[in-house]
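Report on the following structure.
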Amino acid sequence: MPINFQLTAQLLFLFLLSSTLQAQEAHDYLHELYDARHDSPFQQKIKELAPVPAGVVYIQRPGEDEEIIRQHFRSMKELGFTNLKQIMTLPDWDHEEIQLMALEEGLIPWWYGEGGWEAITPELIQQLGLPGSMESKEVRRHPKMLDYQQGVLEKRVKRLQALRKENPEAQALKGSSTAYDPTVGQRGLDLTDTGEALFVEWAKETYKDISAVNHAYNQHHHGLQAAGGPFTSWEDFEERWKAFNHREMRVIRDILRFKADHGVAELAKKVQEFKEFDPEAPYRAGGELGLFRPHAYFGVNFPAIAKVMQDAGSFYPSIHYTWHFDQVLDELGPTVYMQASYINDMFKGGWSGGWETTGGPQQFGGEKFGQNNKGFTVDAPEMRQFTLSMLAAGFKGWGLWSWSVRSAGAEVGEYSLLDHHNEITDRARAVGEVAQAMQKYREELWEAHKEPMVGVFFDWDNDAMWTAFSIKGQDSLRFRPMQARVGLTRALINGNIPFEYVNAEDLEFGLAQRYPIIYLPGMLALDPDLLPLLENYVNNGGKLIMDMPGAWMDSYSALFPRGTGSAFSSLFGTVLREYQYSGINRDWHLEGEKLVGSIGSLRPEGASILASFSNGKPAVTSFSLGEGKAMILGYEAARACFRRGNEAMEDLLRTFILEDKSPVFECEGALVYRLAGPSADHYFLLNQEEEKEVQISSSTIHYTTMEDAITGEKLTIGEPLTLEGFGARWIRMGK
């Protein structure tokens with residue numbers, strides 16, 4: 001349907017009826033509380049420095065001498081890159097010598113860029129003879145400060161160089177760690193001998209009392225007793241725990257959690273060792289595990305890793321097209337934003353970034369799943385989409401793999417910004433332009449926040465319980481919660497509805513009311529302790545939505561109490577009696593659409609029925625409680641949108657989500673992400689089709705200026721915006 005630009009222009013930015021202040025008063029997003037979520041002295045230091053590194057990996061090719069290396073670095077600097085994410089030298093070259101060359105050419109030779117500076121304190125400002133009244137951004141750019149921090153970085157290189165020379169066999173301290181530690185066992189239930197012994201110690205520390213273990217492992221339920229009966233002592237547990245009943249699910253959850261906790265504890269040790277050597281340098285963790293994989297099955301707990309990074313550095317994912325998008329059939333575009341947002345949102349108030357991400361086209365290698373052919377076009381438009389999606393998700397910088405290609409062996413000629421002949425490409429220039437804009441608006445990016453309409457709930461125990469059932473049943477079950485999250489966020493992204501991932505710890509921290517809507521997607525296992533928090537959220541004006549198969553059990557695999565008089569029925573005004581299934585022996589339909597998956601048997605007890613299945617049974621209920629409401633969608637509403645192209649199910653889901661609400665901005669024909677700031681909002685527009693013109697409009701926010709953040713072009717509010725085919729655009733809206 002063609003866009004009526006004249007009509008849109010008349011409606012556009014009728015903004016003008018209310019000021020920015022009034023718009024903010026409509027909903028309090030609790031930005032200060034958000035900033036405090038992972039606050040620490042180290043995070044405060046980073047916020048003061050406000051780094052937004054734009055880094056690349058330099059891979060030295062045979063024959064590249066000092067002159068050529070320096071020319072590479074000068075080209076990077078000229079394009080706009082700020083640092084080297086990594087240096088990969090030839091066997092007979094000294095790594096630290098190349099780092100010193102980089103510093104001399106104006107590039108910081110680490111992924112963290114200016115995040116590795118010494119803290120800028122009043123004492124340091126006075127020491128350098130700078131006025132105490134000087135603004136932070138001017139202090140950071142002052143020649144005296146730049147010279148001083150250059151010295152700090154040079155000393156770090158030389159300390160590392162000395163460390164390596166003292167012990168040539170030793171590796172220099174590594175400032176990063178991946179998500180998974182295999183020393184206690186491989187994925188799933190596998191445990192090494194060491195892992196088995198440590199698991200017993202973990203159980204003792206976790207449960208304290210043997211009776212708590214028996215209760216957790218459902219020894220009071222029929223048919224779940226371990227061989228030999230309930231455990232009588234810790235000595236008995238150590239002797240017999242491996243003889244657990246194959247029907248018992250909590251012990252599987254515990255093995256997975258033990259592995260995750262062990263990995264986090266090992267990470268903390270590595271961080272401590274690193275910080276003892278250099279307390280100023282940031283550490284990064286997260287790493288080489290695709291965000292669409294079943295994390296509990298892999299023994300990984302990303303929110304727990306983020307917690308360690310609170311006092312240490314930065315939280316990051318690895319994002320490579322051939323390696324990390326298998327479960328979404330190698331789809332790119334909105335999935336990049338989902339992936340980056342997951343990491344950013346699990347580290348609220350902390351420094352997250354894309355420190356291990358793709359840089360260019362690739363056709364070989366990668367995971368074995370997803371599409372049969374793993375080739376991708378990664379040209380200038382795609383790199384604009386990629387880098388801007390990361391910024392839009394809240395990342396404060398990225399490190400691209402790579403500047404130059406591997407010259408032989410696996411991955412030869414793949415991934416790089418340069419072509420095979422080391423010539424600069426359009427994509428390198430495009431990324432450099434983004435990098436320059438990042439530096440120009442670094443302070444605004446650090447001040448900006450998402451303003452989410454929907455909080456997408458994530459719970460590690462829910463994922464773990466799905467995994468436990470998959471190990472004893474269908475392998476596909478462990479992917480279900482991820483599929484529900486992807487489906488929900490896909491529907492939100494396609495409707496330009498801002499969202500943010502949220503977990504139980506965030507709610508406990510007091511952030512529930514940040515979200516006008518909280519959605520519980522695919523919440524098979526619900527923690528009963530959450531209900532008071534959720535009830536308080538609804539009473540205070542929140543809108544809570546749960547879909548199927550929600551609240552089937554608790555995190556111990558026991559049936560969740562959902563009957564008359566339960567806390568559940570008091571919250572939702574509905575009894576959830578049981579579950580049916582659509583798509584095998586019988587089909588269920590809603591609003592003319594065929595459903596696949598779990599169907600809830602709903603009996604309203606105070607709730608109203610918003611929609612019914614074609615057989616007349618309640619499909620959607622809504623219950624008013626206090627100032628808010630709680631809704632049940634009696635089908636797998638989120639997961640139904642997992643695969644792209646299911647527009648009817650997305651429309652239906654958005655109808656129930658929005659109901660009496662509307663987004664703060666609209667834009668037909670493009671995906672739009674927004675970061676809100678005190679002096680300006682930043683919009684990131686992505687085009688999934690050929691070149692087109694689109695229009696952003698809002699009825700609640702008043703802007704005074706509009707410009708292209710990358711080119712600096714001044715734009716007229718109300719005029720159409722041109723988007724290149726399959727590309728992206730960064731628009732700055734001044735207030």
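Simple scheme: letters A, B, ... for chains in structure tokens order, numbers from 1 for residues in each chain, numbers from 1 for ligands in the order shown.
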
List as a ChimeraX atom specification the protein and nucleic acid residues near Asn496 (chain A), meaning an atom at most 7 Å away when only C-alpha atoms are counted, but skip any in the same chain fewer than 3 places from it.
/A:492-493,666,671-672

What would the file look like if the residues just selected were written as a PDB file, in the first residue's frame with all heavy atoms?
ATOM      1  N   LEU A 492       7.000  -7.442  18.319  1.00  0.00           N
ATOM      2  CA  LEU A 492       7.197  -6.095  18.845  1.00  0.00           C
ATOM      3  C   LEU A 492       8.036  -5.249  17.897  1.00  0.00           C
ATOM      4  O   LEU A 492       7.701  -4.098  17.604  1.00  0.00           O
ATOM      5  CB  LEU A 492       7.851  -6.165  20.229  1.00  0.00           C
ATOM      6  CG  LEU A 492       7.031  -6.861  21.326  1.00  0.00           C
ATOM      7  CD1 LEU A 492       7.856  -6.996  22.602  1.00  0.00           C
ATOM      8  CD2 LEU A 492       5.732  -6.120  21.611  1.00  0.00           C
ATOM      9  N   ILE A 493       9.133  -5.805  17.404  1.00  0.00           N
ATOM     10  CA  ILE A 493      10.000  -5.066  16.488  1.00  0.00           C
ATOM     11  C   ILE A 493       9.241  -4.687  15.221  1.00  0.00           C
ATOM     12  O   ILE A 493       9.330  -3.546  14.739  1.00  0.00           O
ATOM     13  CB  ILE A 493      11.250  -5.905  16.145  1.00  0.00           C
ATOM     14  CG1 ILE A 493      12.196  -5.974  17.349  1.00  0.00           C
ATOM     15  CG2 ILE A 493      11.988  -5.318  14.939  1.00  0.00           C
ATOM     16  CD1 ILE A 493      13.344  -6.949  17.184  1.00  0.00           C
ATOM     17  N   GLU A 666       5.439   6.135  15.497  1.00  0.00           N
ATOM     18  CA  GLU A 666       5.023   5.208  14.452  1.00  0.00           C
ATOM     19  C   GLU A 666       5.881   5.428  13.218  1.00  0.00           C
ATOM     20  O   GLU A 666       6.323   6.545  12.941  1.00  0.00           O
ATOM     21  CB  GLU A 666       3.543   5.409  14.100  1.00  0.00           C
ATOM     22  CG  GLU A 666       2.593   5.097  15.247  1.00  0.00           C
ATOM     23  CD  GLU A 666       1.138   5.309  14.869  1.00  0.00           C
ATOM     24  OE1 GLU A 666       0.887   5.790  13.741  1.00  0.00           O
ATOM     25  OE2 GLU A 666       0.256   4.993  15.679  1.00  0.00           O
ATOM     26  N   LEU A 671      11.867  -0.724  10.255  1.00  0.00           N
ATOM     27  CA  LEU A 671      12.050  -1.067  11.664  1.00  0.00           C
ATOM     28  C   LEU A 671      12.747   0.111  12.321  1.00  0.00           C
ATOM     29  O   LEU A 671      13.737   0.627  11.801  1.00  0.00           O
ATOM     30  CB  LEU A 671      12.911  -2.325  11.806  1.00  0.00           C
ATOM     31  CG  LEU A 671      12.455  -3.570  11.048  1.00  0.00           C
ATOM     32  CD1 LEU A 671      13.391  -4.740  11.326  1.00  0.00           C
ATOM     33  CD2 LEU A 671      11.025  -3.933  11.390  1.00  0.00           C
ATOM     34  N   VAL A 672      12.227   0.530  13.466  1.00  0.00           N
ATOM     35  CA  VAL A 672      12.767   1.721  14.110  1.00  0.00           C
ATOM     36  C   VAL A 672      13.042   1.420  15.580  1.00  0.00           C
ATOM     37  O   VAL A 672      12.180   0.902  16.292  1.00  0.00           O
ATOM     38  CB  VAL A 672      11.799   2.917  14.000  1.00  0.00           C
ATOM     39  CG1 VAL A 672      12.441   4.170  14.597  1.00  0.00           C
ATOM     40  CG2 VAL A 672      11.419   3.168  12.544  1.00  0.00           C
TER      41      VAL A 672
END

Using only C-alpha atoms, which protein or nucleic acid residues come within 8 Å of Phe298 (chain A)? Drop anything in the same chain fewer than 2 positions from it, and give the result as a PyMOL selection string.
chain A and resi 180+186-188+256+294-296+300

Atoms kept (N, CA and C atoms) for selection, written as a compact mmCIF listing (two decimals), in the first residue's frame:
# COMPACT_ATOMS: atom_id res chain seq x y z
N TYR A 180 31.55 -20.58 28.74
CA TYR A 180 31.40 -21.96 29.20
C TYR A 180 32.74 -22.53 29.65
N GLN A 186 30.94 -31.88 29.77
CA GLN A 186 30.44 -31.31 28.53
C GLN A 186 28.98 -30.89 28.72
N ARG A 187 28.36 -30.44 27.65
CA ARG A 187 26.99 -29.95 27.72
C ARG A 187 26.02 -31.02 28.23
N GLY A 188 24.89 -30.59 28.71
CA GLY A 188 23.89 -31.52 29.22
C GLY A 188 24.26 -32.09 30.57
N LEU A 256 22.67 -28.73 35.76
CA LEU A 256 22.89 -27.62 34.84
C LEU A 256 23.27 -26.36 35.59
N PRO A 294 20.23 -23.01 23.61
CA PRO A 294 19.67 -23.24 24.95
C PRO A 294 20.76 -23.10 26.01
N HIS A 295 20.81 -21.97 26.66
CA HIS A 295 21.92 -21.66 27.56
C HIS A 295 21.99 -22.59 28.76
N ALA A 296 20.83 -22.94 29.31
CA ALA A 296 20.84 -23.84 30.47
C ALA A 296 21.45 -25.18 30.09
N VAL A 300 25.29 -22.41 31.08
CA VAL A 300 25.68 -21.00 31.05
C VAL A 300 24.55 -20.15 31.62

All residues 10 Å or closer to Gly223 (chain A), only C-alpha atoms, same chain fewer than 6 positions away omitted, as a PyMOL selection string:
chain A and resi 245-248

Please dump the current selection as a PDB file, in the first residue's frame; keep N, CA, C and O atoms.
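Okay, result.pdb is ready:
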ATOM      1  N   ASN A 245      16.032 -40.943  40.536  1.00  0.00           N
ATOM      2  CA  ASN A 245      14.969 -41.492  39.691  1.00  0.00           C
ATOM      3  C   ASN A 245      14.958 -40.784  38.337  1.00  0.00           C
ATOM      4  O   ASN A 245      15.038 -39.553  38.269  1.00  0.00           O
ATOM      5  N   HIS A 246      14.852 -41.531  37.270  1.00  0.00           N
ATOM      6  CA  HIS A 246      14.928 -40.941  35.937  1.00  0.00           C
ATOM      7  C   HIS A 246      13.747 -40.028  35.632  1.00  0.00           C
ATOM      8  O   HIS A 246      13.795 -39.246  34.682  1.00  0.00           O
ATOM      9  N   ARG A 247      12.677 -40.122  36.444  1.00  0.00           N
ATOM     10  CA  ARG A 247      11.532 -39.225  36.254  1.00  0.00           C
ATOM     11  C   ARG A 247      11.689 -37.895  36.998  1.00  0.00           C
ATOM     12  O   ARG A 247      10.911 -36.977  36.782  1.00  0.00           O
ATOM     13  N   GLU A 248      12.684 -37.791  37.851  1.00  0.00           N
ATOM     14  CA  GLU A 248      12.846 -36.590  38.677  1.00  0.00           C
ATOM     15  C   GLU A 248      13.579 -35.519  37.862  1.00  0.00           C
ATOM     16  O   GLU A 248      14.645 -35.775  37.312  1.00  0.00           O
TER      17      GLU A 248
END

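Minimum atom-to-atom distances from A:Arg562, A:Trp588, A:Val57, A:Ser557 to Arg406 (chain A) were compared using only C-alpha atoms, and the lowest value belongs to A:Val57.
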
Could you pull the residues within 9 Å of region 478-484 of chain A, counting only C-alpha atoms, minus those fewer than 3 positions along the same chain, as a PyMOL selection string?
chain A and resi 291-294+296-297+327-328+458+462-471+474-475+487-489+521-524+636-643
